[in-house]
Every structure is written in C-alpha cells, then in structure tokens.
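Some notes on the structure that comes next.
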Amino acid sequence: MSVTTNVAEKLLTLPESSAVALQIRAEHYFDVIRGILDNFAVKKELDSIYITSTIPSQSIVNALQVLEIDMSNIYFVDCISQIMMSMASKHEHTIYVESPTMLENLMLKVEYLIKRTEGKNDIIILDSINSLAIHNNTKILSEFLHLLVNNLRAKKAYTVIFSMEEYRSEDISNMLNIVVDETIVAAGE
Amino acid sequence: MAPKVDLSTSTRERCVTGIQGLDNALDGGIPRGNTILVTGSCGTGKTTLSLEFLVHGALDGETCLFISVTEASSKLLTNIIPYDFFEESLIKKGKLIFVDMPVVYERLGLNKLEFSLEEVDVLVRAVADIVKEMDVKRLVIDSITSVCYRLRTQEKIRDFILKIGATLSSLGCTSVLVSEISPAEERYSLFGVEEAIADGIIFMGNLERRGDLLRTLQVVKMRGTQHSRTKYVLDLTSAGVLLVPLLKGGSVAGG
C-alpha cells in the first residue's frame, strides 16, 4: 500500500474531532499531503485549512496543481511567506500571517476560515510543529497547541499536526502527546 | 433528591453584542441599560467594535444609533459595508441610524468652543429626545473624548456622563461611549472622570511582543455581570471581530 493510501486509510478509521500527530519523513512529504487533501478530505467531504510555517503556501499550491488536486475546498494560512519576503503572487485561497511567532493570529485566521466555510466540517493541517518550534519557545507553543486543538475539537474538526521524523525531539514529542489522540507514522506497507 | 444548584451569576437582561468572544467574556453580553466606555489609542479597533455592536442589534430588530463626533458618518459607512453580515436595508428601514454631532450642535445653537452647564443639559436632552423618539435600544457616541473637549472641566464632564448615562439607562438603551487615549496613557480616559462613572470599561490596546504588534481587548470593569478580566488578541475581519486569549507562554512582559 502506498504512503498516500495508507495515511488516508488510517485517518478514515478515526472519529470526528480527532487530533492526530503525523510523523513524516521528508521523502514522503507530498505523498502525505495528497493522502490527506485528495483522498481523506474528499471522501469525508471536508473543507481543508492548511497552516504552513514550513514552506510558502505558493510552493504547496504549485505542487497540488502538478498533482491535479482540486483546490476549491482547500484554504491556506501562511505564516512563512511574509517573513521570507516571498509573496510574489497572492493565491485567492491564502491568508497571510506576518510571522510564525504570531500564534494567536494563526488561531484567529483559522477561526475566520471556519466561519467563512460554515456548513461543512473541516480538517486543519498544521505543517509543522518542528518549524513552529524554531520560532517559538516550548511553553508558548504548548499553550498554543492546547488552545487550538481543544477549540477545534469543540467545532468537531479534525486536526492533523505534522511532525518531521528528521527533527524529532523529546520536547516536541511531549508537547504532542498531551494534545493528540493518536500518533500515525506515515509509511507504505 | 439533592436540591438543584444554580450557578448563574446574574439575572440582569443582557444586550448581546453579537461578537461571540466578547459575549463569552461578558457572560452573555452587556447588562442592558449599562453605559460603557470602549477605550484605547488610535488603530485599536474601537470604532469597528462599536459599529459591529450596532449592526448585530439592528439585525435583531433593535433600533440602533451611531452619533459620530469626529468623522462624517458617510465615511464611516464605507467601513461596515464589507461585513459579510451587513444588510443595507438596515439603514433604509431606519434600524441603523447615523447622526453627525456637529449637525446636532448647529441645530441646538451650540456654537461656542466651551459649553456651560446649561448647554450640557441641552445636549443631554437633545440626545435623550432622539433616543426616545426613535425608541433606540443601542447607542454609540464616537467619541466622547471629542465632546469632553468642549466641556473642559471635570465637573461638567462628570455632570454630562452621569446625566446621559442615567437618562439612557432609564430609556432601556445600552450605550457605548468611545474614548480616545494616547498609547502611553496609564488610565482609561483622557480626563480621568469618564472611567469612574461608566458602568463598564472595555480597554483596547496594542501589545508589542518580540517585535510583533498584537491588537488586544480586555474587559476591565462591567457592573451587573461576572466577566473575564483576561487579555484577548483580536482580529478585525469581514466576519466581524474575532477574539482568542492572549498566550502567556510562561509570562510575557506587559502581557
């Protein structure tokens, strides 16, 4: 089974409101994104809100276009492009946050998109805990995750938090263990 | 069978602001009839918050009045049209009314730079008459600071706010007085009188944290309800004012 299918299948076994840590190797990055956005979210008829602090949203949009993934129900909260001064073109489904240190604004933009897309359930993808950890200390990041996940649970949304295998640390594992229901390792079978 | 325990804190009727985060912080909304001060420096979202409070009231069928002291109301209108929930019919139906204070001054013949105590009474009566005649349930005066500049003495400011608060409350009108302060101010109003007399204070500010500037809101005081006193971060969006608690991260200076 491919990584894409495997991730989607595992997510499909989870109940509504679940929060999941997804351990990913860099080589499987786009397979995982496809598994979530194209397979899982489409099957469940979810709107997808993708928080990117790792690479600019435009790079993900370009990849999704190459993979011919329908973008009509996918929205981005991009907190890395402005700080990288790389906002050449603005995508209509992208909201920008000035910096990955503005964690409250990330929550506010997610809240806004949920309000705007009312009617359908949502999946929120946080890409990634490791890149947010570069810009924020553990205490504020833990507080952010706790608030975000519980707020999303109350809205019956799925939360998927990317954790990159190559950058695993004890702090990050502890932080995730407190808030998630399950940890999925993205791999093929 | 054990007796039922009622944990509700107040039986006072609420004026639901329609701003979800604020209503949660206020345990359901502003106690009806309260006169509250929305205070902060420029660019913190005072006018936007006040306008949204009125639009939600108008959508609920209440007559809402915005008295603009500093800006022409035609200019203000351009700020509310982008709201997803705004309906232009609210203005046509007379549910959302805009009045320019300079026009009121002119009609009352209040042309002097400083008002006397008698003229304060005339102004309060004029506002009360509009509220009574139109059965206004929500009122915003933006800003009370500009009115206070014409009153000058603490005695007259106290007199004005006490009278207008009592009159509007007796008419069942919930009022928001917008107050402007400078960013460095260590009090909630320019003249120091407004904050002591108002039934509630909502303080809006800018918080700088490691180079990021966050818009914040804090309910400092609200008579007639248990309320949160925590600081929230807010965003002004087309879906209205959104609030989330300020992250403390194990203590942040100024936060």
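Letters A, B, ... go to the chains of the structure tokens in the order shown; residues in each chain start at 1; ligands are counted from 1 in the same order.
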Check your understanding: Do you know which residues are at most 9 Å from segment 43-50 of chain B counting only C-alpha atoms, after dropping those on the same chain fewer than 4 positions away, and could you put them as a list in words?
Key ->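 Counting only the stated atoms, we get Ile19, Val38, Thr39, Leu54, Val55, Phe66, Leu76, Asn79, Ile80, Val140, Asp142, Ser143, Val176, Leu177, Val178, Ser179, Glu180, Phe203, Met204, Gly205, Asn206, Arg215, Thr216, Leu217, Leu234, Asp235, Leu236, Gly240 and Val241 of chain B.
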Export of the given selection (N, CA, C and O atoms) as an mmCIF file, in the first residue's frame:
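Result file selection34.cif:
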```cif
data_model
loop_
_atom_site.group_PDB
_atom_site.id
_atom_site.type_symbol
_atom_site.label_atom_id
_atom_site.label_comp_id
_atom_site.auth_asym_id
_atom_site.auth_seq_id
_atom_site.Cartn_x
_atom_site.Cartn_y
_atom_site.Cartn_z
ATOM 1 N N ILE B 19 -20.810 39.764 19.141
ATOM 2 C CA ILE B 19 -19.389 39.444 18.954
ATOM 3 C C ILE B 19 -19.123 38.291 19.916
ATOM 4 O O ILE B 19 -19.043 38.482 21.138
ATOM 5 N N VAL B 38 -15.660 52.284 25.735
ATOM 6 C CA VAL B 38 -14.731 51.485 24.926
ATOM 7 C C VAL B 38 -13.543 52.388 24.674
ATOM 8 O O VAL B 38 -13.664 53.413 24.004
ATOM 9 N N THR B 39 -12.428 52.049 25.271
ATOM 10 C CA THR B 39 -11.324 52.982 25.297
ATOM 11 C C THR B 39 -10.027 52.391 24.734
ATOM 12 O O THR B 39 -9.801 51.189 24.831
ATOM 13 N N LEU B 54 -23.630 47.631 16.929
ATOM 14 C CA LEU B 54 -24.883 48.217 16.421
ATOM 15 C C LEU B 54 -25.489 47.374 15.300
ATOM 16 O O LEU B 54 -26.706 47.166 15.266
ATOM 17 N N VAL B 55 -24.651 46.898 14.393
ATOM 18 C CA VAL B 55 -25.173 46.122 13.254
ATOM 19 C C VAL B 55 -25.889 44.863 13.762
ATOM 20 O O VAL B 55 -26.995 44.533 13.313
ATOM 21 N N PHE B 66 -25.846 55.625 15.855
ATOM 22 C CA PHE B 66 -24.422 55.959 15.926
ATOM 23 C C PHE B 66 -24.296 57.476 15.832
ATOM 24 O O PHE B 66 -24.674 58.069 14.822
ATOM 25 N N LEU B 76 -17.874 56.691 7.547
ATOM 26 C CA LEU B 76 -17.925 55.509 8.413
ATOM 27 C C LEU B 76 -18.637 54.345 7.749
ATOM 28 O O LEU B 76 -18.290 53.186 7.947
ATOM 29 N N ASN B 79 -16.890 51.634 6.122
ATOM 30 C CA ASN B 79 -16.230 50.628 6.956
ATOM 31 C C ASN B 79 -17.110 49.434 7.274
ATOM 32 O O ASN B 79 -16.609 48.366 7.613
ATOM 33 N N ILE B 80 -18.431 49.616 7.230
ATOM 34 C CA ILE B 80 -19.284 48.483 7.624
ATOM 35 C C ILE B 80 -19.802 47.691 6.433
ATOM 36 O O ILE B 80 -20.209 46.559 6.585
ATOM 37 N N VAL B 140 -24.169 54.460 20.225
ATOM 38 C CA VAL B 140 -22.713 54.662 20.290
ATOM 39 C C VAL B 140 -22.434 56.143 20.092
ATOM 40 O O VAL B 140 -22.987 56.758 19.180
ATOM 41 N N ASP B 142 -19.186 58.351 19.265
ATOM 42 C CA ASP B 142 -17.781 58.182 18.862
ATOM 43 C C ASP B 142 -17.215 59.534 18.425
ATOM 44 O O ASP B 142 -17.482 59.987 17.316
ATOM 45 N N SER B 143 -16.450 60.202 19.229
ATOM 46 C CA SER B 143 -16.014 59.760 20.532
ATOM 47 C C SER B 143 -16.490 60.739 21.615
ATOM 48 O O SER B 143 -16.735 61.913 21.340
ATOM 49 N N VAL B 176 -22.606 52.804 24.310
ATOM 50 C CA VAL B 176 -21.156 52.670 24.226
ATOM 51 C C VAL B 176 -20.576 54.054 23.970
ATOM 52 O O VAL B 176 -20.931 54.713 22.992
ATOM 53 N N LEU B 177 -19.719 54.501 24.885
ATOM 54 C CA LEU B 177 -19.038 55.773 24.699
ATOM 55 C C LEU B 177 -17.604 55.457 24.306
ATOM 56 O O LEU B 177 -16.886 54.794 25.057
ATOM 57 N N VAL B 178 -17.215 55.884 23.128
ATOM 58 C CA VAL B 178 -15.853 55.602 22.663
ATOM 59 C C VAL B 178 -14.923 56.668 23.226
ATOM 60 O O VAL B 178 -15.201 57.859 23.129
ATOM 61 N N SER B 179 -13.847 56.199 23.833
ATOM 62 C CA SER B 179 -12.909 57.127 24.470
ATOM 63 C C SER B 179 -11.518 56.958 23.874
ATOM 64 O O SER B 179 -11.036 55.840 23.707
ATOM 65 N N GLU B 180 -10.921 58.087 23.541
ATOM 66 C CA GLU B 180 -9.582 58.038 22.925
ATOM 67 C C GLU B 180 -8.526 58.398 23.959
ATOM 68 O O GLU B 180 -8.661 59.400 24.648
ATOM 69 N N PHE B 203 -11.131 47.850 27.419
ATOM 70 C CA PHE B 203 -9.872 48.505 27.059
ATOM 71 C C PHE B 203 -9.258 47.817 25.835
ATOM 72 O O PHE B 203 -9.046 46.600 25.839
ATOM 73 N N MET B 204 -9.005 48.597 24.809
ATOM 74 C CA MET B 204 -8.415 48.035 23.589
ATOM 75 C C MET B 204 -7.025 48.630 23.393
ATOM 76 O O MET B 204 -6.838 49.841 23.531
ATOM 77 N N GLY B 205 -6.070 47.773 23.113
ATOM 78 C CA GLY B 205 -4.696 48.275 23.036
ATOM 79 C C GLY B 205 -3.864 47.568 21.989
ATOM 80 O O GLY B 205 -4.342 46.683 21.266
ATOM 81 N N ASN B 206 -2.637 47.994 21.917
ATOM 82 C CA ASN B 206 -1.649 47.335 21.066
ATOM 83 C C ASN B 206 -0.591 46.761 21.991
ATOM 84 O O ASN B 206 -0.110 47.458 22.883
ATOM 85 N N ARG B 215 -3.210 43.362 18.408
ATOM 86 C CA ARG B 215 -4.347 44.153 18.901
ATOM 87 C C ARG B 215 -4.957 43.382 20.066
ATOM 88 O O ARG B 215 -5.231 42.187 19.929
ATOM 89 N N THR B 216 -5.186 44.057 21.181
ATOM 90 C CA THR B 216 -5.726 43.343 22.343
ATOM 91 C C THR B 216 -7.009 43.996 22.868
ATOM 92 O O THR B 216 -7.282 45.167 22.588
ATOM 93 N N LEU B 217 -7.767 43.198 23.622
ATOM 94 C CA LEU B 217 -9.008 43.676 24.252
ATOM 95 C C LEU B 217 -9.091 43.074 25.644
ATOM 96 O O LEU B 217 -8.770 41.900 25.831
ATOM 97 N N LEU B 234 -7.276 40.266 19.234
ATOM 98 C CA LEU B 234 -8.416 40.336 18.323
ATOM 99 C C LEU B 234 -7.987 40.557 16.885
ATOM 100 O O LEU B 234 -6.882 41.020 16.606
ATOM 101 N N ASP B 235 -8.899 40.184 16.005
ATOM 102 C CA ASP B 235 -8.691 40.383 14.573
ATOM 103 C C ASP B 235 -9.950 41.029 14.016
ATOM 104 O O ASP B 235 -11.067 40.637 14.372
ATOM 105 N N LEU B 236 -9.763 42.030 13.177
ATOM 106 C CA LEU B 236 -10.910 42.703 12.569
ATOM 107 C C LEU B 236 -11.097 42.090 11.186
ATOM 108 O O LEU B 236 -10.258 42.289 10.308
ATOM 109 N N GLY B 240 -16.489 39.853 11.156
ATOM 110 C CA GLY B 240 -16.638 40.568 12.418
ATOM 111 C C GLY B 240 -15.377 40.493 13.258
ATOM 112 O O GLY B 240 -14.348 39.982 12.816
ATOM 113 N N VAL B 241 -15.489 41.013 14.476
ATOM 114 C CA VAL B 241 -14.339 40.995 15.396
ATOM 115 C C VAL B 241 -14.206 39.585 15.974
ATOM 116 O O VAL B 241 -15.167 39.032 16.490
#
```
Check your understanding: What are the residues of chain A that have an atom within 10 Å of an atom of chain B, counting only C-alpha atoms, as a list in words?
Key -> Glu98, Ser99, Thr101, Met102, Leu103, Glu104, Asn105, Met107, Leu108, Lys109, Glu111, Tyr112, Leu113, Lys115, Arg116, Asn136, Asn137, Thr138, Lys139, Ile140, Leu141, Ser142, Glu143, Phe144, Leu147 and Leu148 of chain A
Practice item. Would you mind telling me which residue in B:Lys95, B:Phe86, B:Gly224, B:Cys42 lies nearest to Thr63 of chain B when using only C-alpha atoms? Key: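 Going through B:Lys95, B:Phe86, B:Gly224, B:Cys42 one by one, the smallest distance to Thr63 of chain B is for B:Lys95.
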**Study point:** Every residue of segment 121-222 of chain B that DSSP places in helix (DSSP H, G or I), as number ranges by chain
**Key:** B: 121-134, 144-151, 154-170, 194-197
**Study point:** Atom-to-atom span, atom CA of Glu27 of chain A and atom CA of Val185 of chain A, Å
**Key:**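 Result for atom CA of Glu27 of chain A versus atom CA of Val185 of chain A: 13.2 Å, one decimal.
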Check your understanding: So what do you get for atom CA of Ser74 of chain B versus atom CA of Val122 of chain B, distance-wise?
Key ->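 Those two atoms sit 25.9 Å apart.
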**Study point:** Selected residue of minimal separation from Ile51 of chain A among A:Thr94, A:Ser2, A:Ser18, A:Gln23, counting only C-alpha atoms
**Key:**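 The answer is A:Thr94, which sits nearest to Ile51 of chain A.
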**Study point:** Residue contacts of Ile95 of chain A (8 Å, only C-alpha atoms) excluding same-chain residues fewer than 3 positions away, as a VMD selection string
**Key:** chain A and resid 76 to 78 109
Go ahead and write the residues just picked, N, CA, C and O atoms, as a PDB file, in the first residue's frame.
```pdb
ATOM      1  N   PHE A  76      -5.446  28.166   2.774  1.00  0.00           N
ATOM      2  CA  PHE A  76      -4.141  28.211   3.431  1.00  0.00           C
ATOM      3  C   PHE A  76      -4.043  29.369   4.414  1.00  0.00           C
ATOM      4  O   PHE A  76      -4.530  30.463   4.132  1.00  0.00           O
ATOM      5  N   VAL A  77      -3.398  29.094   5.542  1.00  0.00           N
ATOM      6  CA  VAL A  77      -2.953  30.162   6.439  1.00  0.00           C
ATOM      7  C   VAL A  77      -1.437  30.071   6.387  1.00  0.00           C
ATOM      8  O   VAL A  77      -0.850  29.093   6.834  1.00  0.00           O
ATOM      9  N   ASP A  78      -0.830  31.086   5.794  1.00  0.00           N
ATOM     10  CA  ASP A  78       0.604  31.050   5.509  1.00  0.00           C
ATOM     11  C   ASP A  78       1.323  32.039   6.431  1.00  0.00           C
ATOM     12  O   ASP A  78       1.101  33.244   6.359  1.00  0.00           O
ATOM     13  N   LYS A 109      -7.037  33.365  12.272  1.00  0.00           N
ATOM     14  CA  LYS A 109      -7.259  33.144  10.839  1.00  0.00           C
ATOM     15  C   LYS A 109      -7.973  31.810  10.604  1.00  0.00           C
ATOM     16  O   LYS A 109      -8.829  31.703   9.710  1.00  0.00           O
TER      17      LYS A 109
END
```
Exercise for review: Identify, on the basis of only C-alpha atoms, every residue whose closest approach to Ile36 of chain A does not exceed 10 Å; exclude the query and any residue fewer than 4 positions from it along the same chain; express the result as a list in words.
Suggested key: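 Selected residues are Thr4, Thr5, Val7, Ala8, Glu9, Leu11, Leu12, Phe30, Asp31, Val32, Phe40, Ala41, Val42, Lys43, Ser48, Ile123, Ile125 and Val160 of chain A.
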